[in-house]
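For reference, the structure is listed below as structure tokens.
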Amino acid sequence: MRSKVILKLLPFLALAIAGCTPEPKAVGTDVETGAMLFAANCAACHGADGRGAGPASLGLGEAPPDLTRLTRQNKGRFPRAYLMEIIAGKVGPDHPTAAMPVFGTADLGRLVTVQSDGKEITVPAGMLAVANYIESIQE
């Protein structure tokens with residue numbers, strides 16, 4: 001008898017637990033959202049135009065990369081997956097980008113799955129938005 005009651009209550013318990021879990025932040029993946037996130041998190045070092053001359057880059061020893069030339073430097077292909085790996089901090093400490101702060105998945109919205117560089121990857125929506133914005137400023 002007790003197990004039948006528990007089984008009947010299980011769906012309600014699941015809903016109650018789900019209600020206690022915070023929803024992921026609503027963040028878009030569009031270029032406009034990416035531009036706002038870039039301005040708030042990246043422009044201090046990479047510059048408002050993405051060319052690597054932001055005020056916080058002074059004293060780093062080496063200028064941050066010019067993000068407007070990534071496609072050109074990658075033989076005409078925008079390196080989306082590689083860029084998102086750098087943003088997420090998935091490069092080693094000896095990598096030239098190691099001076100960049102690690103954003104990882106912190107407060108960048110819900111996870112989305114995308115095809116990138118021939119593979120399927122899951123990233124926060126905000127990270128994809130920043131990558132979409134950076135792709136939009138390629139020369």
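Residues are referred to by chain and number: the chain letter is A, B, ... according to the order shown in the structure tokens, the number counts from 1 in that chain, and ligands are numbered separately from 1 in the order shown.
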
Compile the contact shell of range 122-134 of chain A as a PyMOL selection string: residues with an atom at most 9 Å away, counting only C-alpha atoms, same-chain residues fewer than 3 positions apart removed. chain A and resi 26-38+50+67-68+70+80-81+83-84+87-88+103-115+137-138

Polymer residues at most 6 Å from Gly52 in chain A, only C-alpha atoms, same-chain spacing of 6 or more positions, as a list of chain:residue names: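 Listing them by chain and then by number gives A:His46, A:Pro64, A:Pro65, A:Asp66.
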
Any idea what's packed within 12 Å of range 55-63 of chain A, counting only C-alpha atoms, ignoring anything in its chain fewer than 4 positions away? Could you give it as a short mmCIF file (atom, residue, chain, number, x, y, z; two decimals) with N, CA and C atoms, in the first residue's frame?
```
data_model
loop_
_atom_site.label_atom_id
_atom_site.label_comp_id
_atom_site.auth_asym_id
_atom_site.auth_seq_id
_atom_site.Cartn_x
_atom_site.Cartn_y
_atom_site.Cartn_z
N ASN A 41 32.68 42.28 -21.32
CA ASN A 41 33.66 41.32 -20.83
C ASN A 41 34.98 41.26 -21.59
N CYS A 42 35.00 41.76 -22.81
CA CYS A 42 36.17 41.54 -23.67
C CYS A 42 36.84 42.83 -24.13
N ALA A 43 36.05 43.89 -24.30
CA ALA A 43 36.55 45.13 -24.90
C ALA A 43 37.65 45.79 -24.08
N ALA A 44 37.68 45.59 -22.78
CA ALA A 44 38.71 46.23 -21.96
C ALA A 44 40.10 45.84 -22.43
N CYS A 45 40.26 44.61 -22.87
CA CYS A 45 41.57 44.17 -23.39
C CYS A 45 41.62 44.16 -24.91
N HIS A 46 40.57 43.64 -25.55
CA HIS A 46 40.58 43.49 -27.01
C HIS A 46 40.17 44.75 -27.73
N GLY A 47 39.75 45.79 -27.00
CA GLY A 47 39.32 47.04 -27.62
C GLY A 47 37.88 46.95 -28.08
N ALA A 48 37.21 48.08 -28.13
CA ALA A 48 35.82 48.13 -28.55
C ALA A 48 35.65 47.60 -29.97
N GLY A 50 37.69 45.26 -31.29
CA GLY A 50 38.22 43.90 -31.37
C GLY A 50 39.63 43.79 -31.89
N ARG A 51 40.31 44.93 -32.05
CA ARG A 51 41.65 44.90 -32.65
C ARG A 51 42.79 44.72 -31.64
N LEU A 67 41.08 40.39 -33.07
CA LEU A 67 40.01 39.43 -33.31
C LEU A 67 39.30 39.63 -34.64
N PRO A 96 49.59 30.98 -25.80
CA PRO A 96 49.65 32.45 -25.84
C PRO A 96 48.41 33.14 -25.27
N THR A 97 47.28 32.46 -25.25
CA THR A 97 46.06 33.08 -24.72
C THR A 97 45.90 32.88 -23.22
N ALA A 98 46.89 32.29 -22.56
CA ALA A 98 46.76 31.96 -21.14
C ALA A 98 46.57 33.20 -20.25
N ALA A 99 46.96 34.38 -20.72
CA ALA A 99 46.78 35.60 -19.93
C ALA A 99 45.33 36.03 -19.89
N MET A 100 44.51 35.50 -20.77
CA MET A 100 43.10 35.88 -20.81
C MET A 100 42.35 35.27 -19.63
N PRO A 101 41.47 36.05 -19.00
CA PRO A 101 40.66 35.49 -17.91
C PRO A 101 39.78 34.36 -18.42
#
```

Filtered DSSP result for range 49-125 of chain A, state strand (DSSP E), as a PyMOL selection string: chain A and resi 111-116+119-124

Check range 18-101 of chain A with DSSP on the backbone and list each residue it calls helix (DSSP H, G or I), as a ChimeraX atom specification. /A:18-20,31-41,43-46,55-57,67-73,80-88,96-99

What would the file look like if the residues just selected were written as a PDB file, in the first residue's frame with C-alpha atoms?
```
ATOM      1  CA  ALA A  18      12.292  20.875 -10.594  1.00  0.00           C
ATOM      2  CA  GLY A  19      10.662  24.021  -9.242  1.00  0.00           C
ATOM      3  CA  CYS A  20      13.520  24.406  -6.757  1.00  0.00           C
ATOM      4  CA  VAL A  31      25.068  39.037 -32.741  1.00  0.00           C
ATOM      5  CA  GLU A  32      23.495  41.924 -30.782  1.00  0.00           C
ATOM      6  CA  THR A  33      23.664  39.950 -27.513  1.00  0.00           C
ATOM      7  CA  GLY A  34      27.215  38.952 -28.390  1.00  0.00           C
ATOM      8  CA  ALA A  35      28.149  42.596 -28.958  1.00  0.00           C
ATOM      9  CA  MET A  36      26.803  43.549 -25.519  1.00  0.00           C
ATOM     10  CA  LEU A  37      28.632  40.654 -23.833  1.00  0.00           C
ATOM     11  CA  PHE A  38      31.816  41.519 -25.736  1.00  0.00           C
ATOM     12  CA  ALA A  39      31.584  45.161 -24.640  1.00  0.00           C
ATOM     13  CA  ALA A  40      31.078  44.117 -21.015  1.00  0.00           C
ATOM     14  CA  ASN A  41      33.663  41.317 -20.827  1.00  0.00           C
ATOM     15  CA  ALA A  43      36.555  45.131 -24.904  1.00  0.00           C
ATOM     16  CA  ALA A  44      38.707  46.228 -21.960  1.00  0.00           C
ATOM     17  CA  CYS A  45      41.569  44.165 -23.386  1.00  0.00           C
ATOM     18  CA  HIS A  46      40.579  43.491 -27.009  1.00  0.00           C
ATOM     19  CA  PRO A  55      43.030  50.029 -22.043  1.00  0.00           C
ATOM     20  CA  ALA A  56      43.373  46.943 -19.808  1.00  0.00           C
ATOM     21  CA  SER A  57      45.797  45.384 -22.289  1.00  0.00           C
ATOM     22  CA  LEU A  67      40.006  39.431 -33.309  1.00  0.00           C
ATOM     23  CA  THR A  68      38.999  40.954 -36.646  1.00  0.00           C
ATOM     24  CA  ARG A  69      41.567  38.806 -38.490  1.00  0.00           C
ATOM     25  CA  LEU A  70      40.796  35.333 -37.157  1.00  0.00           C
ATOM     26  CA  THR A  71      39.171  34.156 -40.392  1.00  0.00           C
ATOM     27  CA  ARG A  72      42.049  35.493 -42.489  1.00  0.00           C
ATOM     28  CA  GLN A  73      44.601  33.814 -40.207  1.00  0.00           C
ATOM     29  CA  ARG A  80      34.410  29.107 -33.922  1.00  0.00           C
ATOM     30  CA  ALA A  81      35.106  25.944 -31.862  1.00  0.00           C
ATOM     31  CA  TYR A  82      38.705  26.975 -31.170  1.00  0.00           C
ATOM     32  CA  LEU A  83      37.595  30.465 -30.141  1.00  0.00           C
ATOM     33  CA  MET A  84      35.024  29.049 -27.728  1.00  0.00           C
ATOM     34  CA  GLU A  85      37.676  26.724 -26.245  1.00  0.00           C
ATOM     35  CA  ILE A  86      39.820  29.780 -25.527  1.00  0.00           C
ATOM     36  CA  ILE A  87      36.892  31.664 -23.975  1.00  0.00           C
ATOM     37  CA  ALA A  88      36.123  28.609 -21.815  1.00  0.00           C
ATOM     38  CA  PRO A  96      49.650  32.450 -25.839  1.00  0.00           C
ATOM     39  CA  THR A  97      46.063  33.081 -24.724  1.00  0.00           C
ATOM     40  CA  ALA A  98      46.764  31.965 -21.136  1.00  0.00           C
ATOM     41  CA  ALA A  99      46.781  35.600 -19.932  1.00  0.00           C
TER      42      ALA A  99
END
```

For CA of Arg77 in chain A and CA of Asp117 in chain A, quote the distance in Å rounded to one decimal.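 Pair CA of Arg77 in chain A / CA of Asp117 in chain A returns 8.8 Å.
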
Could you check how far CA of Asn74 in chain A sits from CA of Ile121 in chain A, in Å to one decimal?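 Value for the CA of Asn74 in chain A-CA of Ile121 in chain A distance: 19.6 Å.
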